[in-house]
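**Q** If it helps, the file is called model10.txt and holds compact mmCIF, C-alpha atoms:
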# COMPACT_ATOMS: atom_id res chain seq x y z
CA MET A 1 -22.44 14.12 11.30
CA ARG A 2 -21.96 10.36 11.61
CA HIS A 3 -21.30 9.56 7.97
CA LYS A 4 -17.80 11.00 7.76
CA ALA A 5 -15.53 8.13 6.71
CA VAL A 6 -14.70 8.29 2.99
CA ARG A 7 -14.86 5.10 0.95
CA PHE A 8 -14.32 4.63 -2.78
CA VAL A 9 -16.64 2.22 -4.58
CA ASP A 10 -17.24 1.20 -8.17
CA ALA A 11 -19.87 3.64 -9.41
CA GLU A 12 -21.71 0.80 -11.12
CA ARG A 13 -22.75 -0.42 -7.65
CA ILE A 14 -24.69 2.82 -7.02
CA ASP A 15 -28.31 3.07 -8.19
CA GLN A 16 -28.34 4.77 -11.57
CA SER A 17 -31.02 7.24 -10.48
CA VAL A 18 -28.59 8.87 -7.99
CA ARG A 19 -25.22 7.84 -9.43
CA GLY A 20 -24.61 11.26 -10.94
CA LEU A 21 -24.77 12.90 -7.50
CA PHE A 22 -21.59 11.20 -6.31
CA ALA A 23 -18.16 12.77 -6.82
CA ARG A 24 -15.56 11.06 -9.00
CA PRO A 25 -12.39 12.53 -7.44
CA SER A 26 -9.85 10.48 -9.41
CA ALA A 27 -9.23 11.40 -13.03
CA GLY A 28 -6.97 8.34 -13.25
CA ALA A 29 -9.71 6.03 -11.94
CA PRO A 30 -12.98 7.65 -13.08
CA HIS A 31 -14.99 4.50 -12.34
CA LEU A 32 -14.55 5.08 -8.59
CA ALA A 33 -17.11 7.20 -6.73
CA ALA A 34 -16.59 8.70 -3.28
CA VAL A 35 -19.17 7.84 -0.62
CA PHE A 36 -19.38 8.74 3.06
CA VAL A 37 -20.15 6.04 5.60
CA ASP A 38 -20.73 5.81 9.32
CA PRO A 39 -17.63 4.21 10.96
CA ALA A 40 -19.94 2.57 13.51
CA GLU A 41 -21.47 0.55 10.68
CA LEU A 42 -18.16 -0.87 9.48
CA SER A 43 -17.64 -4.56 10.14
CA PHE A 44 -14.58 -6.81 10.06
CA ARG A 45 -15.19 -7.41 6.35
CA THR A 46 -15.71 -3.76 5.39
CA PHE A 47 -13.23 -2.03 7.70
CA GLU A 48 -10.56 -1.80 5.01
CA ASN A 49 -11.35 -0.15 1.68
CA ILE A 50 -9.10 -2.17 -0.67
CA LEU A 51 -9.20 -0.75 -4.20
CA PRO A 52 -8.51 -2.99 -7.24
CA LEU A 53 -5.77 -1.18 -9.19
CA ASP A 54 -4.31 -3.87 -11.43
CA PHE A 55 -5.44 -1.81 -14.43
CA LEU A 56 -2.76 0.74 -13.53
CA PHE A 57 0.05 -1.78 -14.11
CA GLU A 58 -1.23 -3.48 -17.23
CA ASP A 59 1.03 -3.22 -20.30
CA ALA A 60 3.92 -1.99 -18.12
CA ALA A 61 7.37 -3.57 -17.98
CA LEU A 62 7.37 -4.56 -14.32
CA GLU A 63 10.95 -5.82 -14.30
CA PHE A 64 12.25 -5.01 -10.83
CA GLU A 65 15.78 -5.61 -9.57
CA LEU A 66 16.81 -5.32 -5.93
CA THR A 67 20.51 -4.64 -5.36
CA ASP A 68 23.02 -3.29 -2.82
CA ARG A 69 21.64 -5.21 0.15
CA VAL A 70 22.75 -3.77 3.51
CA GLU A 71 21.93 -5.39 6.84
CA VAL A 72 20.71 -2.71 9.26
CA ALA A 73 19.46 -4.92 12.12
CA ASP A 74 18.60 -8.53 12.88
CA ASP A 75 16.27 -9.73 10.11
CA ALA A 76 16.15 -6.23 8.56
CA CYS A 77 17.91 -4.96 5.45
CA THR A 78 17.74 -2.21 2.86
CA LEU A 79 18.01 -2.63 -0.91
CA SER A 80 18.05 -0.33 -3.92
CA LEU A 81 15.15 -0.76 -6.33
CA LEU A 82 16.04 -0.62 -10.03
CA LEU A 83 13.16 -0.51 -12.48
CA PRO A 84 12.28 0.57 -16.04
CA ASP A 85 10.94 4.05 -16.68
CA THR A 86 7.47 2.66 -17.47
CA ALA A 87 7.28 0.90 -14.11
CA ARG A 88 8.49 4.01 -12.28
CA GLU A 89 5.86 6.11 -14.06
CA ARG A 90 3.09 3.70 -13.02
CA LEU A 91 4.22 3.71 -9.39
CA GLU A 92 4.42 7.51 -9.34
CA ARG A 93 0.94 7.64 -10.87
CA LEU A 94 -0.42 6.15 -7.63
CA ASP A 95 0.12 9.53 -5.99
CA GLU A 96 -1.87 11.27 -8.74
CA LEU A 97 -5.03 9.19 -8.25
CA ASN A 98 -6.27 11.46 -5.45
CA LEU A 99 -7.50 8.50 -3.40
CA TYR A 100 -5.85 9.39 -0.08
CA VAL A 101 -7.94 9.53 3.08
CA PRO A 102 -6.94 10.01 6.74
CA PRO A 103 -6.50 6.66 8.51
CA LEU A 104 -9.22 5.84 11.02
CA ASN A 105 -6.53 5.68 13.72
CA ALA A 106 -5.08 9.05 12.67
CA ALA A 107 -3.98 9.86 16.23
CA SER A 108 -1.28 7.19 15.99
CA ARG A 109 -0.82 6.85 12.22
CA GLY A 110 0.28 10.06 10.56
CA GLY A 111 -0.26 11.25 7.00
CA ASP A 112 -2.90 10.01 4.56
CA ARG A 113 -3.22 6.61 2.94
CA PHE A 114 -5.18 4.33 0.69
CA ILE A 115 -5.06 0.56 0.32
CA PHE A 116 -5.03 -1.16 -3.04
CA HIS A 117 -4.77 -4.65 -4.50
CA SER A 118 -2.49 -5.49 -7.43
CA ALA A 119 -1.55 -9.05 -8.30
CA LEU A 120 0.68 -7.77 -11.14
CA LEU A 121 2.76 -5.60 -8.81
CA ALA A 122 2.98 -8.38 -6.22
CA GLU A 123 4.14 -10.91 -8.82
CA ALA A 124 6.92 -8.60 -10.02
CA LEU A 125 8.09 -7.92 -6.47
CA THR A 126 7.89 -11.63 -5.60
CA GLU A 127 10.32 -12.42 -8.42
CA ALA A 128 12.68 -9.61 -7.41
CA VAL A 129 12.65 -10.59 -3.73
CA SER A 130 13.26 -14.24 -4.61
CA LYS A 131 16.43 -13.28 -6.48
CA ALA A 132 17.76 -10.72 -4.00
CA LEU A 133 17.38 -12.16 -0.51
CA PRO A 134 19.62 -14.83 1.05
CA GLN A 135 18.21 -18.34 1.37
CA PRO A 136 17.67 -18.20 5.17
CA MET A 137 15.22 -15.31 4.68
CA LEU A 138 13.49 -17.18 1.84
CA ASP A 139 12.84 -20.41 3.75
CA GLY A 140 9.10 -21.00 3.43
CA PHE A 141 8.66 -17.89 1.28
CA SER A 142 5.60 -17.98 -0.97
CA HIS A 143 4.86 -14.51 -2.34
CA VAL A 144 4.58 -10.79 -1.66
CA ASN A 145 1.13 -9.88 -0.36
CA PRO A 146 -0.87 -8.22 -3.21
CA ALA A 147 -2.59 -5.79 -0.79
CA PHE A 148 -0.53 -2.59 -0.54
CA ARG A 149 -0.86 0.47 1.71
CA CYS A 150 0.13 3.68 -0.06
CA ASN A 151 1.08 6.41 2.43
CA ARG A 152 1.79 10.09 1.83
CA PHE A 153 3.31 12.47 4.36
CA GLU A 154 3.50 16.24 4.23
CA PRO A 155 5.68 18.50 6.42
CA GLY A 156 4.02 18.84 9.82
CA ASP A 157 2.07 15.57 9.62
CA ARG A 158 2.03 13.36 12.70
CA ASN A 159 4.61 10.60 12.86
CA PHE A 160 3.68 6.95 13.02
CA HIS A 161 3.79 5.81 16.63
CA MET A 162 6.13 2.93 17.40
CA HIS A 163 4.21 -0.27 16.69
CA ARG A 164 4.55 -3.90 15.68
CA ASP A 165 3.00 -4.74 12.32
CA THR A 166 0.13 -7.21 12.47
CA PRO A 167 1.00 -10.24 10.29
CA TYR A 168 -1.12 -10.93 7.23
CA TYR A 169 -2.86 -14.30 7.71
CA ASP A 170 -4.55 -16.48 5.10
CA ALA A 171 -6.21 -19.35 6.94
CA ALA A 172 -7.31 -21.14 3.76
CA ARG A 173 -3.73 -21.39 2.45
CA ASP A 174 -2.05 -21.55 5.87
CA HIS A 175 0.02 -18.45 5.01
CA VAL A 176 1.30 -15.92 7.52
CA SER A 177 3.58 -12.99 6.76
CA ARG A 178 7.03 -12.88 8.38
CA TYR A 179 8.40 -9.64 6.97
CA THR A 180 7.20 -6.15 6.05
CA VAL A 181 8.27 -4.70 2.69
CA LEU A 182 8.48 -0.89 2.52
CA LEU A 183 8.94 0.81 -0.86
CA TYR A 184 10.03 4.44 -0.67
CA LEU A 185 8.93 6.21 -3.86
CA THR A 186 10.45 9.57 -2.94
CA GLY A 187 14.23 9.99 -3.02
CA GLY A 188 16.79 12.76 -2.67
CA SER A 189 16.02 15.65 -0.32
CA GLY A 190 12.35 14.62 -0.25
CA GLY A 191 13.22 11.21 1.17
CA SER A 192 15.31 12.11 4.18
CA GLY A 193 14.42 12.67 7.82
CA GLU A 194 15.58 12.35 11.40
CA PRO A 195 14.95 9.50 10.99
CA VAL A 196 12.87 8.27 8.06
CA LEU A 197 12.32 4.94 9.80
CA ASP A 198 13.16 4.07 13.41
CA LEU A 199 13.44 0.32 13.95
CA ALA A 200 13.10 -1.37 17.30
CA GLY A 201 16.51 -2.37 18.57
CA GLY A 202 18.26 0.91 17.86
CA ALA A 203 18.68 0.81 14.06
CA ALA A 204 17.40 3.80 12.11
CA LEU A 205 17.27 4.89 8.45
CA THR A 206 17.92 8.54 7.66
CA GLU A 207 17.37 8.24 3.88
Written as structure tokens, how would this file's structure read?
**A**
Amino acid sequence: MRHKAVRFVDAERIDQSVRGLFARPSAGAPHLAAVFVDPAELSFRTFENILPLDFLFEDAALEFELTDRVEVADDACTLSLLLPDTARERLERLDELNLYVPPLNAASRGGDRFIFHSALLAEALTEAVSKALPQPMLDGFSHVNPAFRCNRFEPGDRNFHMHRDTPYYDAARDHVSRYTVLLYLTGGSGGSGEPVLDLAGGAALTE
């Protein structure tokens, strides 16, 4: 069976005569229909399935504060994320959308993921980052990339292999990303590991 890669599309893009045959797996995003595609037919422009989820953060108090900065390695630090209950509820709702799919490179990238776009979330994080980081890290800083990868891991899932993140590049604006921002939405006993994140150079996070 060649058509085995799941993609989520706006149901309005499917011919009305067959639209009712497609599953709507997300109660929180009922306008999205699940379709199966042949990975061999994916091109550079369709490889990533980036879902528009700004609607999830509308009318929410996205007032983020980053505190307690700790340097863990050269050009790497951890911070605590403080946010209103409404913003926390919207972030946690991401997990309830039932939009996770295995990554195409599942042999080296464990767990499940989906990719979404939210300008509202990026704007709130841009403001928080601008206030929290020291000026040397902010030199040339423009904004937080509004395309987010939401990952979920269950016990027994494969680990991510050691890798170097590919920078985001916007040729039209001459923008290139210099840092990766990771937001851990699970805390306490559910957010610990040996380690949670292993950084090149010997630094590791256990919580």
**Q** Record the distance separating atom CA of A:Phe114 and atom CA of A:His143, expressed in Å with one decimal.
**A**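 Computed distance, atom CA of A:Phe114 to atom CA of A:His143, equals 21.6 Å.
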**Q** Between atom CA of A:His117 and atom CA of A:Asp59, what is the spacing in Å?
**A**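 Result for atom CA of A:Asp59 versus atom CA of A:His117: 16.9 Å, one decimal.
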**Q** In the coordinate frame of the file, compute which residues have an atom within 12 Å of (2.7, 13.8, 12.7) when using all atoms listed in the file, and state them as a list in words.
**A** Pro102, Ala106, Ala107, Ser108, Arg109, Gly110, Gly111, Asp112, Arg152, Phe153, Glu154, Pro155, Gly156, Asp157, Arg158, Asn159, Phe160 and His161 of chain A
**Q** Could you work out an axis-aligned box for stretch 136-144 of chain A, taking every atom the file lists and adding 4 Å on each side, and report centre and edge lengths in Å to one decimal, as JSON?
**A**
{"center_x": 11.1, "center_y": -15.9, "center_z": 1.4, "size_x": 21.1, "size_y": 18.2, "size_z": 15.5}
**Q** Quick one: residues within 10 Å of A:Asp54, all atoms listed in the file, excluding same-chain residues fewer than 6 positions away - as a ChimeraX atom specification?
**A** /A:116-121,146
**Q** Quick one: residues within 8 Å of A:Phe36, only C-alpha atoms counted, chain neighbours fewer than 4 positions away excluded, as a PyMOL selection string?
**A** chain A and resi 3-7
**Q** Could you pull the residues within 12 Å of stretch 16-19 of chain A, counting only C-alpha atoms, minus those fewer than 6 positions along the same chain, as a ChimeraX atom specification?
**A** /A:9-10,31-35
**Q** Restricting the output to C-alpha atoms, write the selected residues as a PDB file, in the frame of the given file.
**A**
ATOM      1  CA  VAL A   9     -16.640   2.220  -4.580  1.00  0.00           C
ATOM      2  CA  ASP A  10     -17.240   1.200  -8.170  1.00  0.00           C
ATOM      3  CA  HIS A  31     -14.990   4.500 -12.340  1.00  0.00           C
ATOM      4  CA  LEU A  32     -14.550   5.080  -8.590  1.00  0.00           C
ATOM      5  CA  ALA A  33     -17.110   7.200  -6.730  1.00  0.00           C
ATOM      6  CA  ALA A  34     -16.590   8.700  -3.280  1.00  0.00           C
ATOM      7  CA  VAL A  35     -19.170   7.840  -0.620  1.00  0.00           C
TER       8      VAL A  35
END
**Q** With only C-alpha atoms as the atoms that count, which of A:Leu125, A:Leu97, A:Leu62, A:Ala203 lies nearest to A:Leu182?
**A**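 The shortest atom-to-atom distance to A:Leu182 comes from A:Leu125.
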**Q** Taking 4 positions as the minimum chain separation for residues in the same chain, which residues sit within 7 Å of A:Glu65 when counting only C-alpha atoms? Answer as a list of chain:residue names.
**A**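 In the requested form, the answer reads A:Leu81, A:Leu82, A:Leu83, A:Ala128.
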**Q** Grab the atom CA of A:Arg178 to atom CA of A:Pro84 distance for me, in Å with one decimal place.
**A**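 Computed distance, atom CA of A:Arg178 to atom CA of A:Pro84, equals 28.4 Å.
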**Q** Given the point (9.6, 0.5, -19.7) in the file's coordinates, find the residues that have an atom at most 7 Å from it, counting only C-alpha atoms, and give them as a VMD selection string.
**A** chain A and resid 60 to 61 84 to 87
**Q** At a cut-off of 12 Å, using all atoms listed in the file, what residues contact stretch 165-173 of chain A? Leave out same-chain residues fewer than 2 positions from it and give the result as a PDB file with C-alpha atoms, in the frame of the given file.
**A**
ATOM      1  CA  SER A 142       5.600 -17.980  -0.970  1.00  0.00           C
ATOM      2  CA  HIS A 143       4.860 -14.510  -2.340  1.00  0.00           C
ATOM      3  CA  VAL A 144       4.580 -10.790  -1.660  1.00  0.00           C
ATOM      4  CA  ASN A 145       1.130  -9.880  -0.360  1.00  0.00           C
ATOM      5  CA  PRO A 146      -0.870  -8.220  -3.210  1.00  0.00           C
ATOM      6  CA  ALA A 147      -2.590  -5.790  -0.790  1.00  0.00           C
ATOM      7  CA  PHE A 148      -0.530  -2.590  -0.540  1.00  0.00           C
ATOM      8  CA  PHE A 160       3.680   6.950  13.020  1.00  0.00           C
ATOM      9  CA  HIS A 161       3.790   5.810  16.630  1.00  0.00           C
ATOM     10  CA  MET A 162       6.130   2.930  17.400  1.00  0.00           C
ATOM     11  CA  HIS A 163       4.210  -0.270  16.690  1.00  0.00           C
ATOM     12  CA  HIS A 175       0.020 -18.450   5.010  1.00  0.00           C
ATOM     13  CA  VAL A 176       1.300 -15.920   7.520  1.00  0.00           C
ATOM     14  CA  SER A 177       3.580 -12.990   6.760  1.00  0.00           C
ATOM     15  CA  ARG A 178       7.030 -12.880   8.380  1.00  0.00           C
ATOM     16  CA  TYR A 179       8.400  -9.640   6.970  1.00  0.00           C
ATOM     17  CA  THR A 180       7.200  -6.150   6.050  1.00  0.00           C
ATOM     18  CA  VAL A 181       8.270  -4.700   2.690  1.00  0.00           C
ATOM     19  CA  LEU A 182       8.480  -0.890   2.520  1.00  0.00           C
ATOM     20  CA  LEU A 199      13.440   0.320  13.950  1.00  0.00           C
ATOM     21  CA  ALA A 200      13.100  -1.370  17.300  1.00  0.00           C
TER      22      ALA A 200
END
**Q** Out of A:Leu138, A:Gly202, A:Leu133, A:Arg13, which residue has the shortest atom-to-atom distance to A:Val70 when counting only C-alpha atoms?
**A**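 Selected residue with least distance to A:Val70: A:Leu133.
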